[in-house]
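In what follows, a structure is listed as structure tokens, so that the remarks can point back to it.
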Amino acid sequence: MHSVVDPLLVIILLLNFFLLGTSRLRAAIAGSAAQGVILGLLAALVHVSVGPRPLLIAAGAALIKGLVIPILLIRAMRDAGIRREIDPLVGFIPSMLLGAIALAISLMFAQTLPVVPSQAGSLLLPASFATVLTGFIVLTTRRKAITQVVGYLTLENGIFIMGLSILEAMPFLVEIGVLLDLFVGIFVMGIIINHINREFSSLDTSRLSALKE
Amino acid sequence: MLFALVLIPLAFAGVAFAVPSQRWRPWLLPLGGGAHLGLYAAALRESNLSALDGWLVLDPLGRLVLGLISVLFLLSSLYAPAWLALRPGRSNRVFCANLLISLSMITLITVAHHLGLMWVAIEATTLAIAPLIYFNRSGRSLEATWKYLLIGSVGIALSLMGSFFLAYSAVSSRLESSLLFEDLIRDAPQLSRPWLHAAFVLLLVGYGTKMGLAPMHTWKPDAYGEAPGLIGTLLAGGLTSGAFLAILRFFQICSAAGEAAFARPMMVALGLISMAVAGVFMARQRDFKRLLAYSSVEHMGILVVGVGIGGTAVFGALLHLLNNGLTKGALFLSAANIHRAYGSKLAAEVTGALQKVPISAALFLMAFFAITGSPPFGPFISEFTIVRAAIFNGQYAVAGLFLLMLVVVFVGMGATVLPLVQGEATASRPDALLTRETFFNVAPPLAFISLVLLLGLYIPPFVSSLLKDAVAMVELR
């Protein structure tokens, strides 16, 4: 099974670097959508023997992360008339370096945790941690609201990978809760993005700086 | 019964959404709150309530928090109609419906005995409150809502990760994996230690973000500053208490695993940092609603310090949960009156409130003394209990720092509050909405401060038995 899962996880890790290095918003959104679709594939592959439930979750994840949310974000982007992330707090090359450090830390941290035998040597856990950290980096260093949402999505993707490793332990309701909350969260954020755009005629969250000490 | 507790506020929310009248809709809030409190009182009589194969259980800890939330909601909701009447031009449909939805979801937090369900409930509460913060439809409230959602979502994502870690700690010990708290506590000694430790850290940080512990508190001043005072009450007394309950549940699992020694120092440290950060930012704070937010950061700190110290301090912390929630009700509602009377929440533009809105200002002043731990109010008793337990345990440094922070906060908060209420009244801004105090403006904060005073002088037997049962649960006796 590792023979299929690990290459997919490597693609996810490469997409992490792509997200950290791109300045075009459309590319970032497409990158996170690709991650979503791969996650769906992974969910189907990892638990192919368990029955139809994981397949449902896989399809749901691929649909929401790969299609619904990207469409929402691209529409918001078009309405706001912005294409690029300009002047991030940490530049694109330094962010990629940070991403590499995050990956190294994730690999080391995963080494210290005892894993179940069936997952020994798998990339599942390190890929999960690295994706979460990548999401953090994007979330904290970018200025545009849309890029911040992409960062949050990436973070959620990382958590989803972690969820794959314990899918059997998680009842259906919880998994659906995860997807539902993700959708609602992004949906509400989508509405807010819309309001930000109308209020400030821009999606630059550095305009959101009236409140500080 | 448990279903009713969760579903009745939801049903009221549905009605609130459907009712066409702007004027009558707000009265659904106290109706829903009253029904909720009535059901809660009925639920108190039954000893063991559970539903859905143990997914929903009303345990002593849940009883305590749910009682606080029910009272808090009812009293604040009585404030709502008069307050909403001041803004006749603005639709209150979403406002009323979402308030009731959040009551339902906070109730679900308290009765959920399943890790995943509790997480979903906390996330749902967060989302339901977001439009309430944006009620004023200004650029500033938008900024506050954005920060609240973004930071809150990251916090909730971390706690989901923590929940997965906890599940993995069971999986990697090859236990029958279950996310019901009863099962987790029973199996705790066999849980895989490295996973459990990592899980607790993630959960403490994740739910700590919801609670508003420093340094994850940055959404709080903005949200409390820009949201209507009524929502401040719900956030400071309701959502944060729910998140604290979640942390307590994981602390329970940790101590059942014999790892309390791992969890306690972290909680004490995080709590003291919160108190210190609050103290620093309270001094010279020019906006009195943001001041209240930092006060909330401080008191969340006190709660986790209390649990971290252990022993009788846990009793102190749980009593403080009640005291803090109720005092915050008095503070936020009286502050909202002052804010509306002057049309400003900047200390520089608001002085002499005792002349302009005498009752609200007096209540605000009393609530200030209460929250800073002056006798004879409730918080004095609970803070004193925590300090005494720290000294009794030989944690002199903790006790010393705790007392030092309390003094710093008293001075810092007093420097803003005292000029605000005393002296010559400044002129109101032209957009001030409140011209005179009415019964519904002042009765809710008055009721809150009376309850705080009551808890300071005499703890009714049913409250103390609630507290004792809850303490026994946290301490696993």
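The way I read the labels, and the way they are meant: chains A, B, ... in the order of the structure tokens, residue 1 as the first residue of every chain, and ligand 1 as the first ligand shown, with later ones counted on from there.
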
May I have the residues within 12 Å of Asp431 of chain B as a PyMOL selection string, using only C-alpha atoms and disregarding those fewer than 5 positions away in the same chain? chain B and resi 86-87+339-344

Just the selected residues (N, CA and C atoms), exported as a JSON list (two decimals), in the first residue's frame, please.
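See selection-v4.json below for the written result:
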[["chain", "number", "residue", "atom", "x", "y", "z"],
["B", 86, "LEU", "N", -32.92, 50.69, 20.75],
["B", 86, "LEU", "CA", -32.14, 51.89, 20.46],
["B", 86, "LEU", "C", -31.68, 51.92, 19.01],
["B", 87, "ARG", "N", -31.63, 50.75, 18.38],
["B", 87, "ARG", "CA", -31.20, 50.71, 16.97],
["B", 87, "ARG", "C", -32.33, 50.21, 16.09],
["B", 339, "HIS", "N", -21.24, 53.49, 27.52],
["B", 339, "HIS", "CA", -20.83, 53.68, 26.13],
["B", 339, "HIS", "C", -21.95, 54.35, 25.33],
["B", 340, "ARG", "N", -23.16, 53.84, 25.50],
["B", 340, "ARG", "CA", -24.28, 54.37, 24.72],
["B", 340, "ARG", "C", -24.65, 55.78, 25.18],
["B", 341, "ALA", "N", -24.45, 56.05, 26.48],
["B", 341, "ALA", "CA", -24.83, 57.37, 27.00],
["B", 341, "ALA", "C", -23.89, 58.44, 26.48],
["B", 342, "TYR", "N", -22.61, 58.10, 26.27],
["B", 342, "TYR", "CA", -21.64, 59.09, 25.82],
["B", 342, "TYR", "C", -21.39, 59.01, 24.32],
["B", 343, "GLY", "N", -21.72, 57.86, 23.73],
["B", 343, "GLY", "CA", -21.40, 57.67, 22.32],
["B", 343, "GLY", "C", -19.93, 57.47, 22.10],
["B", 344, "SER", "N", -19.20, 57.13, 23.16],
["B", 344, "SER", "CA", -17.76, 56.92, 23.03],
["B", 344, "SER", "C", -17.33, 55.90, 24.06]]

Choose the residue, out of B:Phe244, B:Phe17, B:Tyr168, B:Phe448, that has the smallest atom-to-atom separation from chain A; count only C-alpha atoms. B:Tyr168

Between B:Glu46, B:Asp222, B:Asp183, B:Asp53, which is the closest to chain A once you count only C-alpha atoms?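 Ranked by minimum distance to chain A, first place goes to B:Asp222.
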
Select residues of chain B: the criterion is any atom within 9 Å of an atom of chain A, counting only C-alpha atoms; output as a ChimeraX atom specification. /B:116-117,119-120,123-124,127,130-131,138-140,142-146,149-150,153-154,157-158,160-161,164-165,167-174,176-179,192,194-195,221-222,281,285

For those residues, write C-alpha atoms to a file as a CSV table (one decimal), in the first residue's frame.
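Dumped everything to out31.csv:
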chain,number,residue,atom,x,y,z
B,116,GLY,CA,-15.4,14.9,18.5
B,117,LEU,CA,-18.9,16.1,19.3
B,119,TRP,CA,-15.2,19.9,19.2
B,120,VAL,CA,-18.0,20.3,16.7
B,123,GLU,CA,-16.6,25.2,16.5
B,124,ALA,CA,-20.3,25.8,15.9
B,127,LEU,CA,-19.2,30.5,14.0
B,130,ALA,CA,-19.0,35.7,14.5
B,131,PRO,CA,-22.0,37.6,12.9
B,138,SER,CA,-18.4,49.2,10.7
B,139,GLY,CA,-14.8,48.8,9.4
B,140,ARG,CA,-13.6,48.3,12.9
B,142,LEU,CA,-15.2,43.9,10.5
B,143,GLU,CA,-11.6,43.9,11.4
B,144,ALA,CA,-12.5,42.4,14.8
B,145,THR,CA,-14.6,39.7,13.3
B,146,TRP,CA,-11.9,38.8,10.8
B,149,LEU,CA,-12.5,34.1,13.0
B,150,LEU,CA,-9.0,33.6,11.8
B,153,SER,CA,-10.2,28.8,13.5
B,154,VAL,CA,-6.5,28.2,14.0
B,157,ALA,CA,-7.8,23.4,14.1
B,158,LEU,CA,-5.1,22.8,16.7
B,160,LEU,CA,-8.8,19.0,16.4
B,161,MET,CA,-5.2,18.0,15.8
B,164,PHE,CA,-6.5,13.2,16.7
B,165,PHE,CA,-3.3,12.8,18.8
B,167,ALA,CA,-7.2,9.1,19.5
B,168,TYR,CA,-3.8,7.9,18.1
B,169,SER,CA,-2.5,7.4,21.6
B,170,ALA,CA,-5.3,4.9,22.1
B,171,VAL,CA,-4.7,3.3,18.7
B,172,SER,CA,-1.0,3.0,19.1
B,173,SER,CA,-1.6,1.1,22.4
B,174,ARG,CA,-3.9,-1.1,20.5
B,176,GLU,CA,-10.4,-0.5,21.6
B,177,SER,CA,-10.5,3.0,20.2
B,178,SER,CA,-13.3,5.2,21.5
B,179,LEU,CA,-13.5,8.9,21.9
B,192,SER,CA,0.7,5.9,24.8
B,194,PRO,CA,4.4,10.6,24.0
B,195,TRP,CA,1.1,10.9,22.1
B,221,PRO,CA,-9.5,43.0,22.9
B,222,ASP,CA,-10.7,43.6,19.3
B,281,PHE,CA,-1.9,46.0,28.7
B,285,GLN,CA,-5.6,51.4,28.4

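For Ala236 of chain B, the non-local neighbours within 8 Å, defined as residues at least 4 positions apart in the same chain or in other chains and counting only C-alpha atoms, are Gly232, Thr240, Ser241, Ala293, Ser296, Gly325 and Lys328 of chain B.
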
Where in segment 61-237 of chain B does DSSP assign alpha helix (DSSP H), given as an MDAnalysis selection string? chainID B and resid 61:85 93:111 115:133 139:171 181:187 193:211 219:226 229:233

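Of note, atom CA of Gly54 of chain B and atom CA of His113 of chain B are spaced 6.8 Å apart.
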
If I take atom CA of Ser50 of chain B and atom CA of Leu37 of chain B, how far is one from the other in Å, to one decimal?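 Taking atom CA of Ser50 of chain B and atom CA of Leu37 of chain B, their separation equals 18.5 Å.
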
Between atom CA of Val138 of chain A and atom CA of Leu124 of chain A, what is the distance in Å, rounded to a tenth? 21.2 Å

With only C-alpha atoms as the atoms that count, which of B:Trp55, B:Phe462, B:Trp24, B:Trp219 lies nearest to Arg93 of chain B?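 Among the listed residues, B:Trp24 lies closest to Arg93 of chain B.
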
Between A:Leu19, A:Ala44, A:Leu73, A:Met108, which is the closest to Ile146 of chain A once you count only C-alpha atoms?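 Ranked by minimum distance to Ile146 of chain A, first place goes to A:Leu73.
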
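Distances to Met366 of chain B were evaluated for B:Thr233, B:Asp469, B:Ser334, B:Val65 using only C-alpha atoms, and the minimum falls at B:Ser334.
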